[in-house]
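*Asks:* One structure coming up, written as structure tokens, with questions to follow.
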Amino acid sequence: MKICFLGNAQNPHIISWMNYFSSNDYEVHIISDINNTLNKIKVHYIHEPKLIFIPIIYTIIQIWYKVFKIRRILKIIKPDILHAHWATNYGFLAALSGFHPYVLTSHGSDILIDPNKSLISKCFVKYALRKADLINSVADHVTKSIFKLNVRNNKIVTFQYGIDTSVFNSAGFNNNGESNIKIISVRDLEWRYNVDMLIKAIPIILIENSNSEFLILGDGPQKNGLINLTRQLSINKHVKFLGLVKHNKISEYYRISDIYVSTSLTDGSSIALVEALACGLFPIVTDIPANREWIIDGKNGFLVSSNSHEELAKKTIIAINDVSFRKSAYIINQNIIYDRARRSKNMKIMETCYNQLVNIKT
């Protein structure tokens with residue numbers, strides 16, 4: 001089977017999808033307006049047109065220029081499936097291309113945030129959803145939001161594509177005692193991930209455990225402000241900003257850490273959380289629908305309010321001090337990963353869907 005993806009060729013989630021299918025003897029292509037070089041995957045790069053117009057006219061020309069290029073590439077490679085990622089931008093372009101079967105994966109923000117930005121954005125998302133032959137939603141709460149956009153439920157499959165457990169696993173992980181605890185955050189440094197909440201909790205945590213160390217991975221527009229905040233709070237010696245880390249290297253930082261913190265305000269289904277669980281970390285995450293699908297507060301981790309750094313600090317201190325609780329959560333979370341999050345298992349759902357769509361077409 002020949003599969004053509006439509007999306008950001010540098011996005012680690014899309015690369016994971018493509019690597020799975022290419023490693024299972026599918027011919028894989030991707031059409032993208034962001035270039036990349038990928039092993040065994042043919043990248044068809046669409047460059048931006050260099051034109052000067054007023055913004056709205058430029059946007060219209062840009063969209064139809066891309067649609068024209070996409071249609072031409074699809075005629076050349078003749079894929080069996082076109083699979084777009086995110087309803088906004090790439091999903092909308094896939095819908096305009098007129099190609100079928102067309103599969104759309106919604107990762108969360110395109111359904112939970114983008115339709116609320118403007119009426120135009122909402123129309124784009126609804127058009128992309130309605131033109132799709134199959135929609136893959138990554139979580140139940142995302143699926144419910146898709147239903148609210150009046151999309152029929154018989155063309156939606158809900159599953160997270162899962163993680164590569166050969167990379168993200170607990171081999172070599174050790175539950176430390178109460179000293180030299182490392183706490184890690186791997187979310188982008190932008191508003192929706194709310195990392196300043198963690199920074200504000202650190203002085204309170206250090207009063208109880210002065211040996212705690214905080215690893216902040218990722219980059220974004222708030223980075224300089226967060227660095228300045230650590231200096232203002234006199235905690236900069238305890239916090240390491242490590243910048244962007246290649247996805248396949250993040251597991252190395254998980255294995256030297258003990259507690260995973262995510263202060264996100266919104267998520268589709270957090271791959272980062274699932275990867276952290278697989279590597280053995282104790283999770284402390286915000287009480288949002290995406291995290292409730294994986295974490296039961298007080299059983300296999302902690303859920304905290306997204307606007308209370310005091311609560312985050314309090315529960316982090318409990319986790320640091322209660323080693324037996326962290327160990328019991330570890331056992332529960334390893335079983336969760338085995339049952340629900342292995343890519344080798346979950347992606348077979350999409351393989352079945354692909355085959356059904358191709359058979360219907362033929």
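Identifiers for the structure tokens are assigned positionally: chains receive A, B, ... in sequence, residues are indexed from 1 per chain, and ligands are indexed from 1 in the order shown.
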DSSP on the backbone: which residues in range 26-181 of chain A end up as strand (DSSP E or B)? Give the answer as a VMD selection string.

*Replies:* chain A and resid 27 to 32 38 41 to 45 81 to 85 102 to 106 134 to 137 156 to 158 163

*Asks:* Do a neighbour search on Asn153 in chain A at 10 Å with only C-alpha atoms, toss out local chain neighbours closer than 2 positions, and write the hits as a list in words.

*Replies:* Leu134, Ile135, Thr143, Lys144, Ile146, Phe147, Asn150, Val151, Lys155, Ile156 and Val157 of chain A

*Asks:* Restricted to N, CA and C atoms, what would the selected residues look like written as a short mmCIF file (atom, residue, chain, number, x, y, z; two decimals), in the first residue's frame?

*Replies:*
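Once written, part-v3.cif looks like this:
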```
data_model
loop_
_atom_site.label_atom_id
_atom_site.label_comp_id
_atom_site.auth_asym_id
_atom_site.auth_seq_id
_atom_site.Cartn_x
_atom_site.Cartn_y
_atom_site.Cartn_z
N LEU A 134 -12.48 9.32 7.05
CA LEU A 134 -12.27 8.76 8.38
C LEU A 134 -11.54 9.79 9.21
N ILE A 135 -11.97 9.95 10.46
CA ILE A 135 -11.33 10.87 11.40
C ILE A 135 -10.74 10.07 12.56
N THR A 143 -12.98 13.74 20.81
CA THR A 143 -14.09 13.16 20.04
C THR A 143 -15.41 13.86 20.38
N LYS A 144 -15.65 14.12 21.65
CA LYS A 144 -16.88 14.81 22.06
C LYS A 144 -16.95 16.21 21.46
N ILE A 146 -15.57 17.06 18.63
CA ILE A 146 -15.84 16.87 17.20
C ILE A 146 -17.34 16.68 16.97
N PHE A 147 -17.99 15.92 17.85
CA PHE A 147 -19.44 15.71 17.74
C PHE A 147 -20.18 17.06 17.79
N ASN A 150 -21.01 18.88 14.72
CA ASN A 150 -22.00 18.21 13.84
C ASN A 150 -21.36 17.28 12.81
N VAL A 151 -20.35 16.55 13.25
CA VAL A 151 -19.73 15.53 12.40
C VAL A 151 -20.29 14.18 12.82
N LYS A 155 -17.86 7.82 11.47
CA LYS A 155 -16.59 7.88 10.74
C LYS A 155 -15.44 8.35 11.63
N ILE A 156 -15.61 8.21 12.95
CA ILE A 156 -14.57 8.61 13.91
C ILE A 156 -14.05 7.39 14.65
N VAL A 157 -12.74 7.23 14.69
CA VAL A 157 -12.11 6.21 15.53
C VAL A 157 -11.25 6.95 16.56
#
```

*Asks:* With only C-alpha atoms as the basis for distance, which of A:Ser264, A:Asn209, A:Thr165, A:Asn321 is at the shortest distance from Ala341 in chain A?

*Replies:* A:Thr165

*Asks:* With distances taken over only C-alpha atoms, which residue among A:Trp17, A:Phe159, A:Tyr26, A:Phe68 lies nearest Gly268 in chain A?

*Replies:*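 Under the stated criterion, the closest residue is A:Phe159.
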
*Asks:* Would you kindly return, as a list in words, each protein, DNA or RNA residue with an atom no farther than 9 Å from any atom of Ile111 in chain A, considering only C-alpha atoms and excluding same-chain residues fewer than 3 positions away?

*Replies:* Trp86, Ala87, Thr88, Ser106, His107, Gly108, Asp114, Pro115, Asn116, Lys122, Val125, Val142, Thr143, Ser145, Ile146 and Gly268 of chain A

*Asks:* Take the residues from that selection and put them in a file with C-alpha atoms, as a short mmCIF file (atom, residue, chain, number, x, y, z; two decimals), in the first residue's frame.

*Replies:*
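The result, stored in result_22.cif:
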```cif
data_model
loop_
_atom_site.label_atom_id
_atom_site.label_comp_id
_atom_site.auth_asym_id
_atom_site.auth_seq_id
_atom_site.Cartn_x
_atom_site.Cartn_y
_atom_site.Cartn_z
CA TRP A 86 -4.41 18.56 12.27
CA ALA A 87 -7.70 19.83 10.85
CA THR A 88 -6.44 23.37 10.53
CA SER A 106 -6.97 15.48 15.06
CA HIS A 107 -4.37 15.91 17.79
CA GLY A 108 -6.39 18.21 20.04
CA ASP A 114 -8.65 26.71 16.82
CA PRO A 115 -12.44 26.73 16.14
CA ASN A 116 -12.80 29.33 18.91
CA LYS A 122 -14.22 27.28 12.72
CA VAL A 125 -12.07 22.99 10.73
CA VAL A 142 -11.53 15.51 21.59
CA THR A 143 -14.09 13.16 20.04
CA SER A 145 -15.78 18.21 20.77
CA ILE A 146 -15.84 16.87 17.20
CA GLY A 268 -5.42 16.50 23.16
#
```
